[in-house]
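Below is one structure, written out as structure tokens; comments come after it.
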Amino acid sequence: MPEMIKVEDVSSRPREESVELFRKHINPGLVVLLEMGEYTAITPVHAEGAVITTQENKHILDFVSSYGALNLGHNHPQVLNAVQEVTENKRVDLSKELLSPYAAYLAHNLSQVTPADLNKFFFCNSGTEATEAALKLAARCFKGKRPQFIYAKNSLHGKTLGALSFTGAPRLREYFPLLPGFEVPFGKSEAIEKVLSDKENLEKIAGVILEPIQGEAGVIVPPAGYLQEVRAICDRYGVLLILDEIQTGMCRTGAMFACNHEQVIPDILVLAKSLGGGVASIGATICSEKVFATAYGNPHECLVQTSTFGGRSTACAAAMAALTVSVNEDLAERAARLGKKMLADLRKIQKKHPGWIREVRGRGLMLGIEFDENILKQAKSYLPLHIPGLKTVLREHLPGMVAAALLKQFGILGTLMLNNRSVLRVYPPLIIAEKDLDYFIRSLDALLAQGPKNLVKNRVNHALSSSGLKFITSWTGALTGTK
Ligand SMILES: Cc1ncc(COP(=O)(O)O)c(C=O)c1O
């Protein structure tokens with residue numbers, strides 16, 4: 001008989017066992033990376049709101065929010081109730097033939113808050129899938145004659161081949177067969193116009209895909225007016241504007257959608273992450289009746305873009321509840337207000353500890369702290385220079401060291417950005433208590449006051465004490481992408 005572990009036994013089995021199984025069967029490099037930050041030393045047993053509780057009954061404050069998927073925090077009761085309404089009453093969760101009423105009402109509710117006439121929805125299961133659907137939709141509007149897109153450097157739209165083709169992250173793209181496109185710097189509308197003004201290019205291009213505020217690039221807020229300029233350029237050249245609000249949407253930036261800040265209406269809006277209220281995996285590709293009809297207007301095209309699990313009742317019920325909570329509790333206003341205070345407090349910390357922080361930036365509660373690795377020069381004597389690559393890795397991962405120290409000393413969960421290793425993200429759930437935001441500020445203040453030498457010494461000691469040189473070289477390999 002094969003050995004089958006029972007679901008009900010999982011929570012009582014030792015943490016080391018699941019970490020080793022993860023290493024063995026899922027992603028060994030990720031385990032090494034997380035061991036370096038001592039994340040694997042934590043045994044989480046409970047999560048509610050912004051707080052994760054460990055086996056030792058220690059509280060950890062989540063300042064990652066699963067990269068923006070937990071705007072409502074962990075296990076929001078109203079979202080859980082919505083899912084239970086479907087499961088406990090044994091409603092039909094999965095059936096395309098029987099048309100989920102939850103999908104229909106979710107579409108109705110969402111259409112009340114989406115900009116202008118964006119009222120046609122395709123529901124899927126993740127961000128990258130929603131991006132894929134957006135790219136297909138736009139390309140189909142031109143009957144496939146314009147298969148290319150303009151996208152921004154350092155962007156992230158997903159890791160499936162289509163979305164990755166128009167994602168400006170060289171390390172993620174390496175060795176994959178991708179579609180051709182045009183990469184431009186973010187925040188410079190003239191770069192987009194330059195590409196489109198070449199007739200030969202224009203004949204190939206269906207649209208422009210952008211994040212209104214770049215997330216994984218390191219929280220990059222474009223200059224005011226940028227999105228409006230891009231909107232006007234797209235109109236002038238007759239191409240579609242796709243806005244990826246997978247991270248920025250659902251109130252994160254202080255508005256339901258970040259495009260609301262500039263009153264820009266995209267042709268296609270893409271959502272995922274917090275749409276599922278932190279409970280369900282759901283993405284949405286949203287467009288106007290006109291765009292939908294141009295692409296899929298013919299009834300015989302109704303099965304061209306579908307997904308088995310997309311629009312299932314449980315996920316749609318969760319999203320309905322998430323949207324209701326976001327609107328009723330005015331989380332957009334809360335994110336705007338708390339974000340403003342947080343930004344000001346972080347700038348005070350920046351001033352108080354000169355040399356540590358290059359810039360603090362963001363909008364709402366989508367914030368990033370860009371660290372200055374030059375501060376590590378003060379800790380030179382603690383860098384084990386005999387270990388190849390370690391010095392470079394430590395220098396490149398100052399925010400990673402800060403995150404590890406915040407976790408160990410202050411019980412704050414943080415992490416850096418995928419396409420920018422100098423930035424520590426500050427993405428608390430939007431429902432976080434104000435006192436917990438103050439605690440973050442006090443903790444960062446106390447940590448920086450300890451000085452760079454202490455930070456480096458503690459991290460290097462941990463690295464050396466874990467499993468010696470072999471461990472460190474595999475870590476440096478994992479971080480520098482050479483292993
Ligand atoms: C802006 C943006 N777009 C797309 C994605 C991809 O979403 P998913 O991981 O759900 O495929 C992400 C993920 O972080 C993202 O931040």
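FYI, nothing fancy with the structure tokens labels: chains A, B, ... in order, residues from 1 per chain, ligands from 1 as they appear.
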What residues have any atom no more than 10 Å from ligand 1 when counting only C-alpha atoms and all ligand atoms, and can you list them as a PyMOL selection string?
chain A and resi 66-69+125-132+155-160+163-164+167+210-217+243-249+270-274+281-283+417-418
Per residue of stretch 162-273 of chain A within 8 Å of stretch 363-366 of chain A, which atom pair is closest and at what distance in Å (one decimal), using only C-alpha atoms, listed by chain and increasing number, as CSV?
residue,atom,partner,partner_atom,distance
A:Val219,CA,A:Met366,CA,7.2
A:Val221,CA,A:Arg363,CA,7.6
A:Thr248,CA,A:Met366,CA,7.6
A:Arg252,CA,A:Leu365,CA,5.8
A:Thr253,CA,A:Gly364,CA,4.0
A:Gly254,CA,A:Gly364,CA,4.5
Could the residues in this selection be written to a file with C-alpha atoms, as a PDB file, in the first residue's frame?
ATOM      1  CA  VAL A 219       7.068  49.936  -6.528  1.00  0.00           C
ATOM      2  CA  VAL A 221       4.954  55.158  -9.486  1.00  0.00           C
ATOM      3  CA  THR A 248      -2.804  47.479  -7.766  1.00  0.00           C
ATOM      4  CA  ARG A 252      -4.399  48.501  -2.633  1.00  0.00           C
ATOM      5  CA  THR A 253      -3.308  51.934  -3.904  1.00  0.00           C
ATOM      6  CA  GLY A 254      -6.061  53.955  -2.236  1.00  0.00           C
TER       7      GLY A 254
END
Which residues, written as a PyMOL selection string, have at least one atom at most 6 Å from stretch 328-336 of chain A, with only C-alpha atoms counted and residues fewer than 3 positions away on the same chain left out?
chain A and resi 251+254-256+324-325+339+364-365+430
Keeping N, CA and C atoms, export the residues of the selection given above as a PDB file, in the first residue's frame.
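Ended up saving to again_0.pdb:
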ATOM      1  N   CYS A 251      -8.365  48.120  -4.216  1.00  0.00           N
ATOM      2  CA  CYS A 251      -8.135  49.140  -3.177  1.00  0.00           C
ATOM      3  C   CYS A 251      -6.687  49.293  -2.700  1.00  0.00           C
ATOM      4  N   GLY A 254      -5.260  52.840  -2.751  1.00  0.00           N
ATOM      5  CA  GLY A 254      -6.061  53.955  -2.236  1.00  0.00           C
ATOM      6  C   GLY A 254      -7.209  54.328  -3.157  1.00  0.00           C
ATOM      7  N   ALA A 255      -7.482  53.486  -4.140  1.00  0.00           N
ATOM      8  CA  ALA A 255      -8.663  53.614  -5.005  1.00  0.00           C
ATOM      9  C   ALA A 255      -9.036  52.191  -5.384  1.00  0.00           C
ATOM     10  N   MET A 256     -10.280  51.963  -5.798  1.00  0.00           N
ATOM     11  CA  MET A 256     -10.646  50.583  -6.141  1.00  0.00           C
ATOM     12  C   MET A 256      -9.656  50.030  -7.178  1.00  0.00           C
ATOM     13  N   THR A 324     -17.723  43.068  -1.599  1.00  0.00           N
ATOM     14  CA  THR A 324     -18.660  43.692  -0.658  1.00  0.00           C
ATOM     15  C   THR A 324     -17.913  44.293   0.535  1.00  0.00           C
ATOM     16  N   VAL A 325     -16.971  43.511   1.096  1.00  0.00           N
ATOM     17  CA  VAL A 325     -16.202  44.022   2.240  1.00  0.00           C
ATOM     18  C   VAL A 325     -15.417  45.266   1.804  1.00  0.00           C
ATOM     19  N   GLY A 339      -1.812  54.801   4.154  1.00  0.00           N
ATOM     20  CA  GLY A 339      -0.620  54.831   3.295  1.00  0.00           C
ATOM     21  C   GLY A 339       0.100  56.168   3.390  1.00  0.00           C
ATOM     22  N   GLY A 364      -1.012  54.616  -1.534  1.00  0.00           N
ATOM     23  CA  GLY A 364      -1.866  53.791  -0.682  1.00  0.00           C
ATOM     24  C   GLY A 364      -0.979  52.915   0.182  1.00  0.00           C
ATOM     25  N   LEU A 365      -1.368  51.637   0.308  1.00  0.00           N
ATOM     26  CA  LEU A 365      -0.528  50.719   1.086  1.00  0.00           C
ATOM     27  C   LEU A 365       0.280  49.808   0.168  1.00  0.00           C
ATOM     28  N   LEU A 430      -4.932  45.523   4.004  1.00  0.00           N
ATOM     29  CA  LEU A 430      -5.545  46.852   4.149  1.00  0.00           C
ATOM     30  C   LEU A 430      -6.381  46.954   5.426  1.00  0.00           C
TER      31      LEU A 430
END
Skipping near chain neighbours, those fewer than 6 positions away, what residues fall within 10 Å of stretch 179-185 of chain A using only C-alpha atoms, listed as number ranges by chain?
A: 147-155, 161-168, 191-192, 194-196, 201, 204-205, 208
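In this comparison, which uses only C-alpha atoms, the residue of A:His353, A:Arg425, A:His261, A:His462 approaching A:Ile369 most closely is A:Arg425.
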Could you check how far atom CA of A:Val79 sits from atom CA of A:Ala134, in Å to one decimal?
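Going from atom CA of A:Val79 over to atom CA of A:Ala134, I get 26.7 Å.
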Identify which of the residues A:Phe292, A:Phe22, A:Tyr237, A:Tyr105 lies closest to A:Leu137, counting only C-alpha atoms when measuring atom-to-atom distances.
A:Phe292
Could you please write out, as a list in words, every residue of stretch 78-230 of chain A that DSSP assigns to strand (DSSP E)?
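Restricting stretch 78-230 of chain A to strand (DSSP E) produces Leu118, Asn119, Lys120, Phe121, Phe122, Phe123, Cys124, Gln148, Phe149, Ile150, Tyr151, Ala152, Phe182, Glu183, Val184, Ile205, Ala206, Gly207, Val208, Ile209 and Leu210 of chain A.
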Atoms to include: N, CA, C and O atoms. Write the selected residues as a PDB file, in the first residue's frame.
ATOM      1  N   LEU A 118     -16.790  49.042 -18.751  1.00  0.00           N
ATOM      2  CA  LEU A 118     -16.079  47.758 -18.670  1.00  0.00           C
ATOM      3  C   LEU A 118     -16.986  46.771 -17.930  1.00  0.00           C
ATOM      4  O   LEU A 118     -16.959  46.672 -16.708  1.00  0.00           O
ATOM      5  N   ASN A 119     -17.803  46.079 -18.688  1.00  0.00           N
ATOM      6  CA  ASN A 119     -18.822  45.232 -18.043  1.00  0.00           C
ATOM      7  C   ASN A 119     -18.925  43.824 -18.605  1.00  0.00           C
ATOM      8  O   ASN A 119     -19.925  43.141 -18.416  1.00  0.00           O
ATOM      9  N   LYS A 120     -17.876  43.410 -19.301  1.00  0.00           N
ATOM     10  CA  LYS A 120     -17.845  42.020 -19.789  1.00  0.00           C
ATOM     11  C   LYS A 120     -16.673  41.325 -19.102  1.00  0.00           C
ATOM     12  O   LYS A 120     -15.557  41.869 -19.054  1.00  0.00           O
ATOM     13  N   PHE A 121     -16.921  40.114 -18.579  1.00  0.00           N
ATOM     14  CA  PHE A 121     -15.927  39.461 -17.714  1.00  0.00           C
ATOM     15  C   PHE A 121     -15.582  38.066 -18.194  1.00  0.00           C
ATOM     16  O   PHE A 121     -16.465  37.293 -18.578  1.00  0.00           O
ATOM     17  N   PHE A 122     -14.297  37.769 -18.153  1.00  0.00           N
ATOM     18  CA  PHE A 122     -13.857  36.377 -18.298  1.00  0.00           C
ATOM     19  C   PHE A 122     -13.213  36.003 -16.967  1.00  0.00           C
ATOM     20  O   PHE A 122     -12.270  36.661 -16.524  1.00  0.00           O
ATOM     21  N   PHE A 123     -13.732  34.961 -16.321  1.00  0.00           N
ATOM     22  CA  PHE A 123     -13.175  34.547 -15.031  1.00  0.00           C
ATOM     23  C   PHE A 123     -12.245  33.351 -15.207  1.00  0.00           C
ATOM     24  O   PHE A 123     -12.581  32.394 -15.919  1.00  0.00           O
ATOM     25  N   CYS A 124     -11.095  33.435 -14.558  1.00  0.00           N
ATOM     26  CA  CYS A 124     -10.133  32.336 -14.610  1.00  0.00           C
ATOM     27  C   CYS A 124      -9.568  32.133 -13.206  1.00  0.00           C
ATOM     28  O   CYS A 124     -10.230  32.485 -12.227  1.00  0.00           O
ATOM     29  N   GLN A 148       1.502  41.433 -31.792  1.00  0.00           N
ATOM     30  CA  GLN A 148       2.539  41.889 -30.856  1.00  0.00           C
ATOM     31  C   GLN A 148       2.020  42.970 -29.891  1.00  0.00           C
ATOM     32  O   GLN A 148       0.996  43.595 -30.139  1.00  0.00           O
ATOM     33  N   PHE A 149       2.807  43.166 -28.840  1.00  0.00           N
ATOM     34  CA  PHE A 149       2.420  44.146 -27.820  1.00  0.00           C
ATOM     35  C   PHE A 149       3.629  44.982 -27.404  1.00  0.00           C
ATOM     36  O   PHE A 149       4.769  44.527 -27.508  1.00  0.00           O
ATOM     37  N   ILE A 150       3.337  46.166 -26.920  1.00  0.00           N
ATOM     38  CA  ILE A 150       4.366  46.993 -26.283  1.00  0.00           C
ATOM     39  C   ILE A 150       4.245  46.759 -24.779  1.00  0.00           C
ATOM     40  O   ILE A 150       3.129  46.753 -24.241  1.00  0.00           O
ATOM     41  N   TYR A 151       5.374  46.549 -24.122  1.00  0.00           N
ATOM     42  CA  TYR A 151       5.362  46.301 -22.675  1.00  0.00           C
ATOM     43  C   TYR A 151       6.546  47.020 -22.042  1.00  0.00           C
ATOM     44  O   TYR A 151       7.477  47.447 -22.747  1.00  0.00           O
ATOM     45  N   ALA A 152       6.510  47.145 -20.727  1.00  0.00           N
ATOM     46  CA  ALA A 152       7.533  47.955 -20.047  1.00  0.00           C
ATOM     47  C   ALA A 152       8.654  47.103 -19.460  1.00  0.00           C
ATOM     48  O   ALA A 152       8.434  45.968 -19.034  1.00  0.00           O
ATOM     49  N   PHE A 182       7.675  44.628 -28.116  1.00  0.00           N
ATOM     50  CA  PHE A 182       8.502  45.841 -28.028  1.00  0.00           C
ATOM     51  C   PHE A 182       8.632  46.269 -26.571  1.00  0.00           C
ATOM     52  O   PHE A 182       7.622  46.600 -25.940  1.00  0.00           O
ATOM     53  N   GLU A 183       9.854  46.258 -26.059  1.00  0.00           N
ATOM     54  CA  GLU A 183      10.060  46.662 -24.667  1.00  0.00           C
ATOM     55  C   GLU A 183      10.427  48.139 -24.609  1.00  0.00           C
ATOM     56  O   GLU A 183      11.279  48.599 -25.357  1.00  0.00           O
ATOM     57  N   VAL A 184       9.758  48.861 -23.715  1.00  0.00           N
ATOM     58  CA  VAL A 184      10.031  50.303 -23.572  1.00  0.00           C
ATOM     59  C   VAL A 184      10.265  50.629 -22.101  1.00  0.00           C
ATOM     60  O   VAL A 184       9.803  49.901 -21.227  1.00  0.00           O
ATOM     61  N   ILE A 205       1.189  45.670 -34.113  1.00  0.00           N
ATOM     62  CA  ILE A 205       0.913  45.852 -32.680  1.00  0.00           C
ATOM     63  C   ILE A 205      -0.582  45.946 -32.366  1.00  0.00           C
ATOM     64  O   ILE A 205      -1.292  46.789 -32.908  1.00  0.00           O
ATOM     65  N   ALA A 206      -1.020  45.071 -31.446  1.00  0.00           N
ATOM     66  CA  ALA A 206      -2.433  45.094 -31.025  1.00  0.00           C
ATOM     67  C   ALA A 206      -2.645  46.029 -29.848  1.00  0.00           C
ATOM     68  O   ALA A 206      -3.727  46.588 -29.689  1.00  0.00           O
ATOM     69  N   GLY A 207      -1.634  46.172 -29.009  1.00  0.00           N
ATOM     70  CA  GLY A 207      -1.865  46.985 -27.822  1.00  0.00           C
ATOM     71  C   GLY A 207      -0.630  47.233 -26.978  1.00  0.00           C
ATOM     72  O   GLY A 207       0.473  46.779 -27.283  1.00  0.00           O
ATOM     73  N   VAL A 208      -0.896  47.953 -25.894  1.00  0.00           N
ATOM     74  CA  VAL A 208       0.141  48.275 -24.909  1.00  0.00           C
ATOM     75  C   VAL A 208      -0.312  47.664 -23.595  1.00  0.00           C
ATOM     76  O   VAL A 208      -1.466  47.837 -23.203  1.00  0.00           O
ATOM     77  N   ILE A 209       0.578  46.927 -22.930  1.00  0.00           N
ATOM     78  CA  ILE A 209       0.222  46.365 -21.618  1.00  0.00           C
ATOM     79  C   ILE A 209       1.120  46.969 -20.548  1.00  0.00           C
ATOM     80  O   ILE A 209       2.348  47.000 -20.694  1.00  0.00           O
ATOM     81  N   LEU A 210       0.476  47.476 -19.495  1.00  0.00           N
ATOM     82  CA  LEU A 210       1.220  48.155 -18.418  1.00  0.00           C
ATOM     83  C   LEU A 210       0.602  47.865 -17.067  1.00  0.00           C
ATOM     84  O   LEU A 210      -0.606  47.621 -16.981  1.00  0.00           O
TER      85      LEU A 210
END
So that I can check the surroundings of A:Gly49, please list as a VMD selection string every protein, DNA and RNA residue that reaches within 12 Å of it, counting only C-alpha atoms and ignoring chain neighbours fewer than 4 positions away.
chain A and resid 53 59 to 63 65 70 to 79 277 to 279 428 to 433 436
At a cut-off of 9 Å, using only C-alpha atoms, what residues contact stretch 342-349 of chain A? Leave out same-chain residues fewer than 2 positions from it and give the result as a CSV table (one decimal) with N, CA and C atoms, in the first residue's frame.
chain,number,residue,atom,x,y,z
A,337,ARG,N,-5.5,56.7,3.3
A,337,ARG,CA,-5.2,57.4,4.6
A,337,ARG,C,-4.0,56.8,5.3
A,338,LEU,N,-4.1,55.5,5.5
A,338,LEU,CA,-3.0,54.9,6.3
A,338,LEU,C,-1.7,54.9,5.5
A,339,GLY,N,-1.8,54.8,4.2
A,339,GLY,CA,-0.6,54.8,3.3
A,339,GLY,C,0.1,56.2,3.4
A,340,LYS,N,-0.7,57.2,3.4
A,340,LYS,CA,-0.1,58.6,3.5
A,340,LYS,C,0.7,58.7,4.8
A,351,LYS,N,15.3,59.8,7.3
A,351,LYS,CA,16.1,61.0,7.7
A,351,LYS,C,16.8,60.7,9.0
A,352,LYS,N,16.2,59.9,9.9
A,352,LYS,CA,16.8,59.7,11.2
A,352,LYS,C,18.0,58.8,11.1
A,353,HIS,N,18.0,57.9,10.0
A,353,HIS,CA,19.2,57.0,9.9
A,353,HIS,C,19.9,57.2,8.5
A,354,PRO,N,20.6,58.2,8.4
A,354,PRO,CA,21.2,58.6,7.1
A,354,PRO,C,22.1,57.4,6.6
A,357,ILE,N,18.7,54.4,3.6
A,357,ILE,CA,17.6,54.3,2.7
A,357,ILE,C,17.7,55.3,1.6
A,359,GLU,N,15.4,55.7,-1.0
A,359,GLU,CA,14.1,56.3,-1.3
A,359,GLU,C,12.9,55.4,-0.7
A,360,VAL,N,11.9,56.1,-0.3
A,360,VAL,CA,10.7,55.5,0.1
A,360,VAL,C,9.6,55.9,-0.8
A,361,ARG,N,8.8,55.0,-1.4
A,361,ARG,CA,7.8,55.4,-2.4
A,361,ARG,C,6.6,54.5,-2.4
A,362,GLY,N,5.6,55.0,-3.2
A,362,GLY,CA,4.4,54.2,-3.3
A,362,GLY,C,3.2,55.0,-3.2
A,363,ARG,N,2.0,54.3,-3.3
A,363,ARG,CA,0.7,54.9,-3.2
A,363,ARG,C,-0.2,54.0,-2.4
A,364,GLY,N,-1.0,54.6,-1.5
A,364,GLY,CA,-1.9,53.8,-0.7
A,364,GLY,C,-1.0,52.9,0.2
A,365,LEU,N,-1.4,51.6,0.3
A,365,LEU,CA,-0.5,50.7,1.1
A,365,LEU,C,0.3,49.8,0.2
A,367,LEU,N,3.7,50.1,-0.8
A,367,LEU,CA,4.9,50.9,-0.5
A,367,LEU,C,6.2,50.1,-0.7
A,369,ILE,N,10.6,50.3,0.2
A,369,ILE,CA,11.7,51.0,0.7
A,369,ILE,C,13.0,50.6,0.0
A,437,LEU,N,0.8,49.1,12.2
A,437,LEU,CA,1.6,49.9,11.3
A,437,LEU,C,2.7,50.6,12.1
A,438,ASP,N,2.2,51.2,13.3
A,438,ASP,CA,3.2,51.9,14.1
A,438,ASP,C,4.3,50.9,14.7
A,441,ILE,N,7.0,50.6,12.1
A,441,ILE,CA,7.8,51.8,12.1
A,441,ILE,C,8.8,51.7,13.2
A,444,LEU,N,11.5,48.9,12.6
A,444,LEU,CA,12.5,49.3,11.6
A,444,LEU,C,13.4,50.3,12.2
A,445,ASP,N,12.9,51.3,12.9
A,445,ASP,CA,13.7,52.3,13.6
A,445,ASP,C,14.7,51.6,14.5
A,448,LEU,N,17.5,49.6,12.4
A,448,LEU,CA,18.5,50.4,11.8
A,448,LEU,C,19.4,51.1,12.8
Which one of A:Met250, A:Ala446, A:Ala405, A:Ala379 sits closest to A:Asn458 if you count only C-alpha atoms?
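Going through A:Met250, A:Ala446, A:Ala405, A:Ala379 one by one, the smallest distance to A:Asn458 is for A:Ala405.
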Expected answer as a CSV table (one decimal) with C-alpha atoms, in the first residue's frame: alpha helix (DSSP H) residues in stretch 189-360 of chain A:
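Everything below was put into part09.csv:
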chain,number,residue,atom,x,y,z
A,189,SER,CA,5.0,57.9,-22.9
A,190,GLU,CA,7.2,59.2,-25.7
A,191,ALA,CA,8.9,55.8,-25.9
A,192,ILE,CA,5.6,54.2,-26.7
A,193,GLU,CA,4.8,56.8,-29.3
A,194,LYS,CA,8.1,56.3,-30.9
A,195,VAL,CA,7.4,52.6,-31.4
A,196,LEU,CA,3.9,53.2,-32.7
A,199,LYS,CA,4.3,52.3,-39.6
A,200,GLU,CA,6.0,48.9,-40.0
A,201,ASN,CA,5.7,48.4,-36.2
A,202,LEU,CA,2.2,49.7,-36.0
A,226,TYR,CA,1.7,59.2,-17.8
A,227,LEU,CA,-1.3,56.9,-18.0
A,228,GLN,CA,-3.5,59.7,-19.6
A,229,GLU,CA,-0.7,60.3,-22.2
A,230,VAL,CA,-0.5,56.6,-22.9
A,231,ARG,CA,-4.3,56.4,-23.2
A,232,ALA,CA,-4.2,59.3,-25.8
A,233,ILE,CA,-1.4,57.7,-27.7
A,234,CYS,CA,-3.2,54.4,-27.9
A,235,ASP,CA,-6.3,56.2,-29.2
A,236,ARG,CA,-4.3,58.1,-31.7
A,237,TYR,CA,-2.7,55.0,-33.2
A,289,GLU,CA,-19.2,45.1,-24.8
A,290,LYS,CA,-17.7,46.6,-28.0
A,291,VAL,CA,-14.2,45.0,-27.4
A,292,PHE,CA,-15.8,41.7,-26.5
A,293,ALA,CA,-18.1,41.7,-29.5
A,294,THR,CA,-15.1,42.5,-31.8
A,295,ALA,CA,-13.2,39.6,-30.5
A,296,TYR,CA,-15.8,37.0,-29.7
A,313,SER,CA,-19.2,29.0,-7.7
A,314,THR,CA,-16.9,28.8,-4.6
A,315,ALA,CA,-14.4,31.2,-6.1
A,316,CYS,CA,-17.0,33.6,-7.4
A,317,ALA,CA,-18.8,33.6,-4.0
A,318,ALA,CA,-15.5,34.4,-2.3
A,319,ALA,CA,-14.9,37.3,-4.8
A,320,MET,CA,-18.5,38.6,-4.2
A,321,ALA,CA,-17.8,38.7,-0.5
A,322,ALA,CA,-14.4,40.3,-1.0
A,323,LEU,CA,-15.8,43.0,-3.1
A,324,THR,CA,-18.7,43.7,-0.7
A,325,VAL,CA,-16.2,44.0,2.2
A,326,SER,CA,-13.9,46.3,0.2
A,327,VAL,CA,-16.8,48.6,-0.7
A,328,ASN,CA,-18.7,48.6,2.6
A,331,LEU,CA,-10.9,50.0,2.1
A,332,ALA,CA,-9.8,52.4,-0.7
A,333,GLU,CA,-10.1,55.4,1.6
A,334,ARG,CA,-8.4,53.4,4.4
A,335,ALA,CA,-5.5,52.4,2.2
A,336,ALA,CA,-5.1,56.0,1.1
A,337,ARG,CA,-5.2,57.4,4.6
A,338,LEU,CA,-3.0,54.9,6.3
A,339,GLY,CA,-0.6,54.8,3.3
A,340,LYS,CA,-0.1,58.6,3.5
A,341,LYS,CA,0.8,58.3,7.2
A,342,MET,CA,3.0,55.3,6.6
A,343,LEU,CA,4.9,57.1,3.8
A,344,ALA,CA,5.5,60.1,6.1
A,345,ASP,CA,6.6,57.9,9.0
A,346,LEU,CA,9.0,55.9,6.7
A,347,ARG,CA,10.5,59.2,5.4
A,348,LYS,CA,11.1,60.2,9.0
A,349,ILE,CA,13.0,56.9,9.5
A,350,GLN,CA,15.0,57.6,6.3
A,351,LYS,CA,16.1,61.0,7.7
A,352,LYS,CA,16.8,59.7,11.2
Can you check which parts of stretch 271-314 of chain A lie within 10 Å of stretch 82-101 of chain A? Per residue, the shortest pair of atoms and distance in Å to one decimal, counting only C-alpha atoms, sorted by chain and number, as CSV.
residue,atom,partner,partner_atom,distance
A:Val279,CA,A:Val83,CA,8.6
A:Ala280,CA,A:Val83,CA,8.6
A:Thr306,CA,A:Lys96,CA,9.5
A:Ser307,CA,A:Lys96,CA,9.3
A:Thr308,CA,A:Lys96,CA,7.7
A:Phe309,CA,A:Leu94,CA,7.1
A:Gly310,CA,A:Leu94,CA,9.2
A:Gly311,CA,A:Ser100,CA,7.4
A:Arg312,CA,A:Leu94,CA,5.4
A:Ser313,CA,A:Asp93,CA,4.6
A:Thr314,CA,A:Val83,CA,5.2
Writer output for current selection, all heavy atoms, as a CSV table (one decimal), in the first residue's frame:
chain,number,residue,atom,x,y,z
A,279,VAL,N,-8.9,34.0,-0.2
A,279,VAL,CA,-9.4,32.6,0.1
A,279,VAL,C,-9.4,31.8,-1.2
A,279,VAL,O,-9.0,30.7,-1.3
A,279,VAL,CB,-10.8,32.7,0.8
A,279,VAL,CG1,-11.4,31.3,0.8
A,279,VAL,CG2,-10.6,33.3,2.2
A,280,ALA,N,-9.9,32.5,-2.3
A,280,ALA,CA,-10.1,31.7,-3.6
A,280,ALA,C,-9.1,32.2,-4.6
A,280,ALA,O,-8.6,33.3,-4.5
A,280,ALA,CB,-11.5,32.0,-4.1
A,306,THR,N,-12.2,29.6,-22.7
A,306,THR,CA,-12.9,29.2,-21.5
A,306,THR,C,-11.9,28.5,-20.6
A,306,THR,O,-10.7,28.4,-20.9
A,306,THR,CB,-14.0,28.1,-21.8
A,306,THR,OG1,-13.3,26.9,-22.3
A,306,THR,CG2,-15.0,28.5,-22.8
A,307,SER,N,-12.3,28.2,-19.4
A,307,SER,CA,-11.4,27.5,-18.4
A,307,SER,C,-12.3,26.6,-17.6
A,307,SER,O,-13.3,27.0,-17.1
A,307,SER,CB,-10.8,28.6,-17.5
A,307,SER,OG,-10.4,28.1,-16.3
A,308,THR,N,-11.8,25.4,-17.4
A,308,THR,CA,-12.6,24.4,-16.6
A,308,THR,C,-13.0,24.9,-15.2
A,308,THR,O,-14.1,24.9,-14.8
A,308,THR,CB,-11.8,23.1,-16.4
A,308,THR,OG1,-11.5,22.6,-17.7
A,308,THR,CG2,-12.5,22.1,-15.6
A,309,PHE,N,-12.0,25.4,-14.5
A,309,PHE,CA,-12.3,25.9,-13.2
A,309,PHE,C,-12.7,27.4,-13.1
A,309,PHE,O,-13.2,27.8,-12.0
A,309,PHE,CB,-11.0,25.7,-12.3
A,309,PHE,CG,-10.7,24.2,-12.1
A,309,PHE,CD1,-9.5,23.7,-12.5
A,309,PHE,CD2,-11.6,23.4,-11.4
A,309,PHE,CE1,-9.1,22.4,-12.3
A,309,PHE,CE2,-11.2,22.0,-11.3
A,309,PHE,CZ,-10.0,21.5,-11.7
A,310,GLY,N,-12.4,28.1,-14.1
A,310,GLY,CA,-12.7,29.5,-14.1
A,310,GLY,C,-14.2,29.8,-13.9
A,310,GLY,O,-15.0,29.2,-14.6
A,311,GLY,N,-14.5,30.7,-12.9
A,311,GLY,CA,-15.9,31.0,-12.7
A,311,GLY,C,-16.6,30.0,-11.9
A,311,GLY,O,-17.9,30.0,-11.8
A,312,ARG,N,-15.9,29.1,-11.2
A,312,ARG,CA,-16.6,28.2,-10.3
A,312,ARG,C,-17.3,28.9,-9.2
A,312,ARG,O,-16.9,30.0,-8.8
A,312,ARG,CB,-15.6,27.1,-9.8
A,312,ARG,CG,-14.6,27.6,-8.8
A,312,ARG,CD,-13.6,26.6,-8.5
A,312,ARG,NE,-14.2,25.3,-8.0
A,312,ARG,CZ,-13.5,24.2,-7.8
A,312,ARG,NH1,-12.2,24.2,-8.0
A,312,ARG,NH2,-14.1,23.1,-7.3
A,313,SER,N,-18.3,28.3,-8.7
A,313,SER,CA,-19.2,29.0,-7.7
A,313,SER,C,-18.5,29.4,-6.4
A,313,SER,O,-18.6,30.5,-5.9
A,313,SER,CB,-20.4,28.1,-7.3
A,313,SER,OG,-21.1,27.9,-8.5
A,314,THR,N,-17.6,28.5,-5.9
A,314,THR,CA,-16.9,28.8,-4.6
A,314,THR,C,-16.1,30.1,-4.8
A,314,THR,O,-16.1,31.0,-4.0
A,314,THR,CB,-16.1,27.7,-4.1
A,314,THR,OG1,-15.4,27.0,-5.3
A,314,THR,CG2,-16.9,26.6,-3.4
